[in-house]
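Structure file data17.cif (mmCIF, C-alpha atoms and all ligand atoms) is printed below.
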```cif
data_input
loop_
_atom_site.label_atom_id
_atom_site.label_comp_id
_atom_site.auth_asym_id
_atom_site.auth_seq_id
_atom_site.Cartn_x
_atom_site.Cartn_y
_atom_site.Cartn_z
CA MET A 11 -29.12 51.43 -17.67
CA SER A 12 -29.97 49.44 -20.74
CA MET A 13 -31.18 45.86 -20.42
CA LYS A 14 -28.18 44.65 -22.29
CA TYR A 15 -25.75 46.36 -19.93
CA LYS A 16 -27.54 45.05 -16.82
CA PHE A 17 -27.38 41.56 -18.25
CA LEU A 18 -23.63 41.88 -18.77
CA LEU A 19 -23.18 43.07 -15.19
CA VAL A 20 -25.04 40.04 -13.88
CA ILE A 21 -22.88 37.73 -15.97
CA TRP A 22 -19.70 39.47 -14.84
CA GLY A 23 -20.87 39.41 -11.21
CA SER A 24 -21.61 35.72 -11.15
CA PHE A 25 -18.35 34.94 -12.89
CA PHE A 26 -16.51 36.92 -10.24
CA LEU A 27 -18.34 35.18 -7.38
CA GLY A 28 -17.81 31.87 -9.05
CA SER A 29 -14.06 32.24 -9.29
CA GLN A 30 -13.89 33.57 -5.73
CA SER A 31 -15.68 30.61 -4.23
CA MET A 32 -13.60 28.30 -6.39
CA ALA A 33 -10.46 29.78 -4.90
CA GLN A 34 -11.85 28.95 -1.47
CA VAL A 35 -13.02 25.37 -2.06
CA ASP A 36 -10.25 24.16 -4.33
CA GLU A 37 -8.26 22.26 -1.79
CA VAL A 38 -8.07 18.70 -0.54
CA ASN A 39 -7.17 17.46 2.92
CA ILE A 40 -5.48 14.08 3.22
CA TYR A 41 -4.90 11.83 6.21
CA SER A 42 -1.97 9.75 5.07
CA GLU A 43 -0.38 6.66 6.50
CA ARG A 44 2.18 7.03 3.76
CA LYS A 45 5.21 9.07 4.80
CA GLU A 46 5.40 12.63 3.54
CA GLU A 47 8.52 12.12 1.39
CA LEU A 48 6.80 9.21 -0.40
CA ILE A 49 3.75 11.19 -1.49
CA LYS A 50 4.44 14.95 -1.27
CA PRO A 51 6.27 15.30 -4.62
CA LEU A 52 3.26 13.74 -6.35
CA LEU A 53 0.83 16.04 -4.55
CA ASP A 54 2.93 19.03 -5.60
CA LYS A 55 2.64 17.91 -9.22
CA PHE A 56 -1.11 17.65 -8.81
CA THR A 57 -1.27 21.20 -7.41
CA ALA A 58 0.90 22.53 -10.23
CA GLU A 59 -1.37 20.94 -12.84
CA THR A 60 -4.77 21.73 -11.32
CA GLY A 61 -4.27 24.65 -8.95
CA ILE A 62 -5.88 22.55 -6.22
CA LYS A 63 -4.07 22.93 -2.91
CA VAL A 64 -3.36 19.76 -0.95
CA ASN A 65 -2.99 19.67 2.83
CA LEU A 66 -1.29 16.60 4.20
CA VAL A 67 -1.54 15.10 7.69
CA THR A 68 0.64 12.03 8.11
CA GLY A 69 0.44 9.50 10.92
CA GLU A 70 0.22 5.86 11.88
CA GLY A 71 -2.70 4.09 10.16
CA ASP A 72 -4.68 3.03 13.23
CA ALA A 73 -4.26 6.47 14.79
CA LEU A 74 -5.59 8.19 11.66
CA ILE A 75 -8.63 5.88 11.60
CA LYS A 76 -9.22 6.59 15.30
CA ARG A 77 -9.00 10.31 14.55
CA LEU A 78 -11.56 10.03 11.75
CA GLU A 79 -13.87 8.19 14.15
CA ILE A 80 -13.57 10.82 16.85
CA GLU A 81 -13.97 13.75 14.47
CA GLY A 82 -17.01 12.20 12.79
CA LYS A 83 -18.80 14.45 10.33
CA ASP A 84 -16.74 17.44 11.49
CA SER A 85 -13.53 15.88 10.20
CA LEU A 86 -11.66 18.09 7.73
CA ALA A 87 -10.14 15.06 6.03
CA ASP A 88 -11.36 14.35 2.49
CA ILE A 89 -9.13 11.37 1.72
CA LEU A 90 -7.70 8.53 3.77
CA LEU A 91 -4.50 7.19 2.22
CA ALA A 92 -3.34 3.84 3.61
CA THR A 93 -0.42 1.50 2.96
CA ASP A 94 -2.33 -1.73 3.52
CA VAL A 95 -5.71 -2.94 2.33
CA ALA A 96 -6.91 -4.12 5.76
CA ARG A 97 -6.92 -0.52 7.03
CA LEU A 98 -9.06 0.65 4.13
CA TYR A 99 -11.40 -2.28 4.66
CA ARG A 100 -11.71 -1.37 8.33
CA ALA A 101 -12.32 2.31 7.57
CA LYS A 102 -15.16 1.21 5.28
CA SER A 103 -16.57 -1.14 7.96
CA LEU A 104 -16.53 1.71 10.48
CA GLU A 105 -18.51 3.83 7.98
CA LEU A 106 -15.72 6.36 7.71
CA LEU A 107 -15.63 6.25 3.89
CA GLN A 108 -18.13 6.91 1.11
CA PRO A 109 -18.33 5.36 -2.35
CA VAL A 110 -16.82 7.04 -5.40
CA GLN A 111 -18.12 6.23 -8.88
CA SER A 112 -15.43 7.09 -11.40
CA ASP A 113 -14.94 5.62 -14.86
CA ILE A 114 -11.32 6.75 -14.77
CA LEU A 115 -10.61 4.81 -11.55
CA VAL A 116 -12.59 1.75 -12.61
CA SER A 117 -10.84 1.50 -15.97
CA ALA A 118 -7.34 2.13 -14.52
CA ILE A 119 -7.54 -0.25 -11.54
CA PRO A 120 -8.14 -4.01 -11.89
CA ALA A 121 -11.24 -5.21 -10.01
CA ASN A 122 -9.34 -7.29 -7.43
CA PHE A 123 -7.39 -4.20 -6.31
CA ARG A 124 -10.42 -1.99 -5.54
CA ASP A 125 -13.56 -2.19 -3.47
CA GLY A 126 -16.54 -3.51 -5.43
CA GLU A 127 -18.68 -0.59 -4.25
CA GLY A 128 -16.04 2.10 -4.80
CA TYR A 129 -15.20 2.76 -1.14
CA TRP A 130 -11.46 2.36 -1.71
CA TYR A 131 -9.09 2.05 -4.64
CA GLY A 132 -5.60 0.52 -4.85
CA LEU A 133 -3.04 3.03 -6.15
CA SER A 134 0.20 1.03 -6.11
CA LEU A 135 1.19 -2.61 -5.68
CA ARG A 136 3.79 -4.30 -3.53
CA SER A 137 4.53 -7.97 -3.10
CA ARG A 138 5.61 -9.68 0.11
CA ILE A 139 8.34 -11.96 -1.13
CA ILE A 140 11.18 -14.12 0.19
CA VAL A 141 14.71 -12.71 0.24
CA TYR A 142 17.60 -15.11 0.69
CA ALA A 143 21.32 -14.90 1.42
CA LYS A 144 23.10 -15.29 -1.92
CA GLU A 145 26.14 -16.83 -0.23
CA ARG A 146 24.34 -19.52 1.73
CA VAL A 147 21.12 -20.32 -0.13
CA ARG A 148 20.47 -21.58 -3.64
CA PRO A 149 17.16 -20.48 -5.15
CA GLU A 150 16.40 -24.17 -5.94
CA GLN A 151 15.99 -24.68 -2.17
CA LEU A 152 13.04 -22.28 -2.17
CA SER A 153 9.54 -22.76 -3.51
CA THR A 154 6.55 -21.51 -1.50
CA TYR A 155 5.59 -19.59 1.66
CA GLU A 156 4.41 -22.97 2.94
CA ALA A 157 7.87 -24.55 2.45
CA MET A 158 9.46 -21.95 4.75
CA THR A 159 8.33 -24.24 7.59
CA ASN A 160 10.54 -27.10 6.36
CA PRO A 161 13.09 -28.36 8.96
CA GLU A 162 16.03 -27.21 6.82
CA TRP A 163 15.12 -23.60 7.75
CA LYS A 164 15.15 -24.18 11.52
CA GLY A 165 16.62 -21.09 13.19
CA LYS A 166 17.07 -19.42 9.79
CA VAL A 167 13.91 -17.37 9.20
CA CYS A 168 13.59 -13.64 9.94
CA VAL A 169 10.33 -11.73 9.83
CA ARG A 170 8.94 -8.70 11.63
CA SER A 171 6.24 -8.73 14.30
CA SER A 172 2.69 -10.01 13.82
CA SER A 173 1.41 -6.56 14.80
CA ASN A 174 2.54 -5.41 11.35
CA PRO A 175 -0.32 -5.15 8.83
CA TYR A 176 1.78 -6.54 5.96
CA ASN A 177 2.17 -9.83 7.84
CA GLN A 178 -1.49 -9.81 8.81
CA SER A 179 -2.52 -9.43 5.17
CA LEU A 180 -0.19 -12.23 4.06
CA VAL A 181 -1.67 -14.54 6.69
CA ALA A 182 -5.20 -13.42 5.74
CA SER A 183 -4.47 -14.36 2.11
CA MET A 184 -3.38 -17.81 3.27
CA ILE A 185 -6.54 -18.21 5.36
CA ALA A 186 -8.58 -17.32 2.27
CA ARG A 187 -6.66 -19.81 0.13
CA LEU A 188 -5.88 -22.67 2.53
CA GLY A 189 -8.33 -22.31 5.41
CA VAL A 190 -7.74 -21.47 9.07
CA GLU A 191 -6.45 -24.88 10.15
CA ALA A 192 -3.75 -25.27 7.51
CA THR A 193 -2.68 -21.65 7.95
CA GLU A 194 -2.34 -22.11 11.70
CA VAL A 195 -0.16 -25.19 11.20
CA TRP A 196 1.92 -23.07 8.82
CA ALA A 197 2.24 -20.10 11.19
CA SER A 198 3.28 -22.40 14.07
CA GLY A 199 5.85 -24.07 11.84
CA LEU A 200 7.22 -20.70 10.74
CA VAL A 201 7.56 -19.58 14.37
CA GLN A 202 9.48 -22.82 15.08
CA ASN A 203 11.95 -21.79 12.38
CA PHE A 204 12.44 -18.19 13.57
CA ALA A 205 16.09 -17.18 13.99
CA ARG A 206 15.10 -14.62 16.62
CA THR A 207 12.13 -12.96 18.27
CA PRO A 208 10.59 -10.66 15.63
CA LYS A 209 11.91 -7.11 15.78
CA GLY A 210 12.46 -4.12 13.49
CA GLY A 211 11.00 -3.35 10.09
CA ASP A 212 11.46 -5.02 6.72
CA ARG A 213 14.81 -3.29 6.09
CA ASP A 214 16.09 -4.78 9.36
CA GLN A 215 15.18 -8.29 8.19
CA ILE A 216 17.20 -7.73 5.00
CA LYS A 217 20.15 -6.51 7.08
CA ALA A 218 19.84 -9.55 9.36
CA VAL A 219 20.05 -11.88 6.35
CA ALA A 220 23.04 -9.90 5.07
CA VAL A 221 25.00 -10.31 8.33
CA GLY A 222 24.11 -14.00 8.64
CA GLU A 223 21.67 -13.81 11.53
CA CYS A 224 19.18 -15.62 9.29
CA ASP A 225 19.18 -17.10 5.77
CA ILE A 226 15.72 -16.16 4.51
CA ALA A 227 13.20 -13.42 5.34
CA LEU A 228 9.78 -12.15 4.34
CA VAL A 229 9.80 -8.53 3.14
CA ASN A 230 7.97 -6.15 0.83
CA THR A 231 9.56 -5.65 -2.57
CA TYR A 232 9.97 -1.85 -2.39
CA TYR A 233 12.19 -2.05 0.73
CA LEU A 234 14.66 -4.19 -1.20
CA GLY A 235 14.42 -1.82 -4.18
CA GLY A 236 14.95 1.21 -1.96
CA MET A 237 17.99 -0.33 -0.26
CA LEU A 238 19.56 -1.37 -3.58
CA ARG A 239 19.32 2.25 -4.74
CA SER A 240 20.11 3.73 -1.33
CA GLU A 241 22.74 6.42 -0.88
CA MET A 242 23.60 4.86 2.48
CA VAL A 243 26.48 2.48 1.79
CA ASP A 244 25.57 -0.02 4.55
CA GLU A 245 22.00 -0.37 3.24
CA LYS A 246 23.15 -0.82 -0.33
CA GLN A 247 25.78 -3.38 0.65
CA ALA A 248 23.28 -5.35 2.76
CA ALA A 249 20.76 -5.42 -0.09
CA GLU A 250 23.40 -6.65 -2.52
CA LYS A 251 24.03 -9.69 -0.33
CA VAL A 252 20.45 -10.90 -0.75
CA ALA A 253 18.33 -11.90 -3.72
CA LEU A 254 14.60 -11.90 -4.32
CA PHE A 255 12.62 -15.09 -4.69
CA TRP A 256 9.05 -15.09 -6.04
CA PRO A 257 7.13 -17.67 -3.97
CA ASN A 258 4.29 -19.96 -5.09
CA GLN A 259 4.96 -19.56 -8.81
CA GLY A 260 3.68 -23.09 -9.42
CA ASP A 261 0.31 -22.46 -7.81
CA ARG A 262 -1.56 -19.35 -6.59
CA GLY A 263 1.28 -16.86 -7.09
CA ALA A 264 3.05 -14.38 -4.82
CA HIS A 265 1.06 -12.37 -2.32
CA PHE A 266 0.38 -8.75 -3.34
CA ASN A 267 -0.94 -5.87 -1.29
CA ILE A 268 -1.79 -2.26 -2.16
CA SER A 269 -1.32 1.25 -1.04
CA GLY A 270 -4.66 2.87 -1.66
CA ALA A 271 -7.16 5.53 -0.77
CA GLY A 272 -10.82 6.27 -0.21
CA LEU A 273 -13.03 9.34 0.04
CA THR A 274 -14.01 10.04 3.66
CA ARG A 275 -17.64 10.12 4.62
CA ALA A 276 -17.07 13.61 6.05
CA ALA A 277 -15.44 14.95 2.86
CA LYS A 278 -16.17 18.65 2.27
CA ASN A 279 -14.17 18.85 -0.98
CA ARG A 280 -15.64 15.92 -2.83
CA ASP A 281 -14.96 16.98 -6.43
CA ALA A 282 -11.38 18.07 -5.82
CA ALA A 283 -10.74 14.87 -3.80
CA ILE A 284 -12.00 12.64 -6.62
CA LYS A 285 -9.82 14.57 -9.07
CA LEU A 286 -6.85 13.80 -6.86
CA LEU A 287 -7.69 10.09 -6.67
CA GLU A 288 -7.94 10.04 -10.46
CA PHE A 289 -4.61 11.82 -10.75
CA LEU A 290 -2.97 9.23 -8.46
CA ALA A 291 -4.26 6.44 -10.71
CA GLY A 292 -3.08 8.28 -13.84
CA ASP A 293 0.00 7.56 -15.96
CA GLU A 294 2.24 10.26 -14.51
CA ALA A 295 1.64 9.21 -10.89
CA GLN A 296 1.89 5.52 -11.72
CA VAL A 297 5.30 5.99 -13.34
CA TRP A 298 6.40 7.97 -10.27
CA TYR A 299 5.46 5.18 -7.83
CA ALA A 300 7.50 2.73 -9.87
CA GLU A 301 10.53 4.98 -10.36
CA MET A 302 10.73 6.68 -6.98
CA ASN A 303 9.37 4.10 -4.55
CA PHE A 304 10.04 0.83 -6.39
CA GLU A 305 6.38 -0.18 -6.33
CA PHE A 306 4.48 -1.92 -9.08
CA PRO A 307 1.99 0.26 -10.96
CA VAL A 308 -1.60 -0.76 -10.36
CA LYS A 309 -2.51 0.41 -13.86
CA ALA A 310 -1.73 -1.94 -16.73
CA GLY A 311 0.68 -0.86 -19.45
CA ILE A 312 2.90 1.34 -17.23
CA ALA A 313 6.60 0.54 -17.44
CA VAL A 314 8.18 -0.60 -14.17
CA SER A 315 11.55 0.70 -13.00
CA GLU A 316 14.82 -0.93 -14.06
CA THR A 317 15.28 -2.36 -10.56
CA LEU A 318 11.90 -4.05 -10.71
CA GLN A 319 12.53 -5.33 -14.23
CA GLN A 320 15.62 -7.15 -12.94
CA TRP A 321 13.40 -9.17 -10.63
CA GLY A 322 11.86 -10.78 -13.68
CA ASN A 323 8.38 -11.97 -14.45
CA TYR A 324 6.14 -13.32 -11.76
CA ILE A 325 2.72 -14.77 -11.11
CA ALA A 326 0.68 -12.76 -8.60
CA ASP A 327 -2.06 -14.18 -6.42
CA ASP A 328 -5.19 -12.69 -7.99
CA ILE A 329 -7.30 -12.94 -4.85
CA ASN A 330 -9.79 -10.11 -4.35
CA LEU A 331 -8.03 -7.96 -1.75
CA ASP A 332 -11.32 -7.39 -0.02
CA GLN A 333 -10.79 -10.82 1.50
CA LEU A 334 -7.58 -9.70 3.20
CA GLY A 335 -9.63 -7.20 5.14
CA GLN A 336 -12.33 -9.75 5.81
CA TYR A 337 -9.86 -12.22 7.36
CA ASN A 338 -7.71 -9.65 9.16
CA ALA A 339 -9.10 -10.22 12.66
CA GLU A 340 -8.88 -14.00 12.18
CA ALA A 341 -5.27 -13.62 11.02
CA VAL A 342 -4.34 -11.60 14.11
CA ARG A 343 -5.88 -14.22 16.45
CA LEU A 344 -4.22 -17.04 14.53
CA MET A 345 -0.73 -15.51 14.72
CA ASP A 346 -1.25 -14.96 18.42
CA ARG A 347 -2.16 -18.63 18.94
CA ALA A 348 0.88 -19.63 16.89
CA GLY A 349 3.14 -17.65 19.20
CA TRP A 350 4.18 -15.16 16.49
CA LYS A 351 5.25 -12.19 18.63
FE FE D 401 5.99 -0.03 4.15
#
```

Please rewrite the model in this file as structure tokens.
Amino acid sequence: MSMKYKFLLVIWGSFFLGSQSMAQVDEVNIYSERKEELIKPLLDKFTAETGIKVNLVTGEGDALIKRLEIEGKDSLADILLATDVARLYRAKSLELLQPVQSDILVSAIPANFRDGEGYWYGLSLRSRIIVYAKERVRPEQLSTYEAMTNPEWKGKVCVRSSSNPYNQSLVASMIARLGVEATEVWASGLVQNFARTPKGGDRDQIKAVAVGECDIALVNTYYLGGMLRSEMVDEKQAAEKVALFWPNQGDRGAHFNISGAGLTRAAKNRDAAIKLLEFLAGDEAQVWYAEMNFEFPVKAGIAVSETLQQWGNYIADDINLDQLGQYNAEAVRLMDRAGWK
């Protein structure tokens, strides 16, 4: 066999092996707190574009973190996808994540919506805002989260349980901005104004306002968006009876939270996982979040959906979301002391 021919065989052989092993490793495993229907179509797009297969395990956030802890370095998960920043912060604290350095992620995502060391990145934004009954409340009566404790709202406030991470993050943001003492006075005042013992999810609070059980409620923006565009008549009708109010526009701005993700410490498919994170922060995915799930894009310059445009301009609290994780435990204790069930 001539030298030249041998050389070609070696090249061909390594190419063949290379593509074989690529076929084996090109997949990503995700533990997702986000429901399958709210992420799967995006993952399918990613697979279609890259050929990288994505395996999805969905579950409750705390349970997924527990599972990562138990599995340790043997975990098959490459990415943890969470719907609240405090969970990502906790996963980092428990050393379940590893840093990712990516110019694409850093340039797409504003600094306050990602971890300073690259352990987690925000992928979509949602605000926790006030909704009010159009028939009974004038927007001039509303101003801030703080003012929800005013006596005029006695027996008129609906909000879900304090075990919910969205509430915990809102309270954590207030601790960061106002201090523990003032936030505790606020939480106690809010509890005094509750129309009922907290129950249900955010959609249930909107429905309760619609039927007159309360006049104002705290909910995440995308639930209102989803109900307004719902195919279920009762949801759509309930949503149309309420309006959105952006709180704290004269000072720190409305509270924002993220859905986001980080690379697990145990990740076996590091390169493919980073590619997926970059895809989720890219234009196509960002438009999808806005259009399909009524979230705000985390990346600047992406058009928001028509529903979101109708809610007008707003000022967002620009707090570094890291702090929401930092104050999470304090927030939970504070709400407990305040009697927020
Ligand atoms: Fe949610």

If I take atom CA of A:Ser112 and atom CA of A:Gly270, how far is one from the other in Å, to one decimal?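 Distance between the two atoms: 15.1 Å.
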
Distance limit 10 Å, reference ligand FE 401 (chain D), atoms considered: only C-alpha atoms and all ligand atoms. Which residues make the cut? Give them as a list of chain:residue names.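 Answer in the requested format: A:Glu43, A:Arg44, A:Lys45, A:Thr93, A:Asp94, A:Arg136, A:Asn174, A:Pro175, A:Tyr176, A:Gly211, A:Asp212, A:Arg213, A:Val229, A:Asn230, A:Thr231, A:Tyr232, A:Tyr233, A:Ser269.
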
Using all atoms listed in the file: which of A:Leu334, A:Ile226, A:Ile80, A:Ile40 has the shortest distance to A:Thr274: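 For A:Thr274, the nearest of the given residues is A:Ile40.
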
Using all atoms listed in the file: which of A:Val190, A:Ala282, A:Ala182, A:Val147 has the shortest distance to A:Ile62: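 That would be A:Ala282, the residue with the smallest distance to A:Ile62.
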
Write out as a PyMOL selection string which residues come within 10 Å of A:Leu286 when counting all atoms listed in the file, dropping same-chain ones fewer than 3 positions away. chain A and resi 37-38+53+56-57+60+62+64+89+280-283+289-292

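Counting only C-alpha atoms and comparing A:Phe266, A:Phe255, A:Trp163, A:Trp196, the residue that lies closest to A:Gly132 is A:Phe266.
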
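With only C-alpha atoms as the basis for measurement, A:Ser137 is the residue among A:Ser137, A:Asn258, A:Asn338, A:Asn267 that approaches A:Leu318 most closely.
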
Sorted per-residue table, stretch 58-101 of chain A near stretch 119-126 of chain A, closest atoms and distance, 10 Å, all atoms listed in the file, as a tab-separated table:
```
residue	atom	partner	partner_atom	distance
A:Val95	CA	A:Phe123	CA	8.9
A:Leu98	CA	A:Asp125	CA	9.3
A:Tyr99	CA	A:Asp125	CA	8.4
```

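The two atoms in question, atom CA of A:Lys164 and atom CA of A:Leu200, are spaced 8.7 Å apart.
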
Counting all atoms listed in the file, closest pick from A:Ala310, A:Ala249, A:Ile325, A:Leu188 relative to A:Gln296 is A:Ala310

Nearest residue to A:Val67 from the set A:Ala264, A:Ile49, A:Val219, A:Ile329 (distances using all atoms listed in the file):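 Of the candidates, the smallest distance to A:Val67 is held by A:Ile49.
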
What's the 6 Å shell around stretch 106-110 of chain A, counting all atoms listed in the file, without same-chain residues fewer than 5 positions away, as number ranges by chain? A: 101, 128-129, 273-275

Please provide the set of residues having any atom within 8 Å of A:Cys168, restricted to all atoms listed in the file, with same-chain residues fewer than 3 positions apart removed, written as a compact mmCIF listing (two decimals) with C-alpha atoms, keeping the file's coordinate frame.
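Below is the file that was written, result_13.txt:
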```txt
# COMPACT_ATOMS: atom_id res chain seq x y z
CA PHE A 204 12.44 -18.19 13.57
CA ALA A 205 16.09 -17.18 13.99
CA ARG A 206 15.10 -14.62 16.62
CA PRO A 208 10.59 -10.66 15.63
CA GLN A 215 15.18 -8.29 8.19
CA ALA A 218 19.84 -9.55 9.36
CA VAL A 219 20.05 -11.88 6.35
CA CYS A 224 19.18 -15.62 9.29
CA ASP A 225 19.18 -17.10 5.77
CA ILE A 226 15.72 -16.16 4.51
CA ALA A 227 13.20 -13.42 5.34
CA LEU A 228 9.78 -12.15 4.34
```
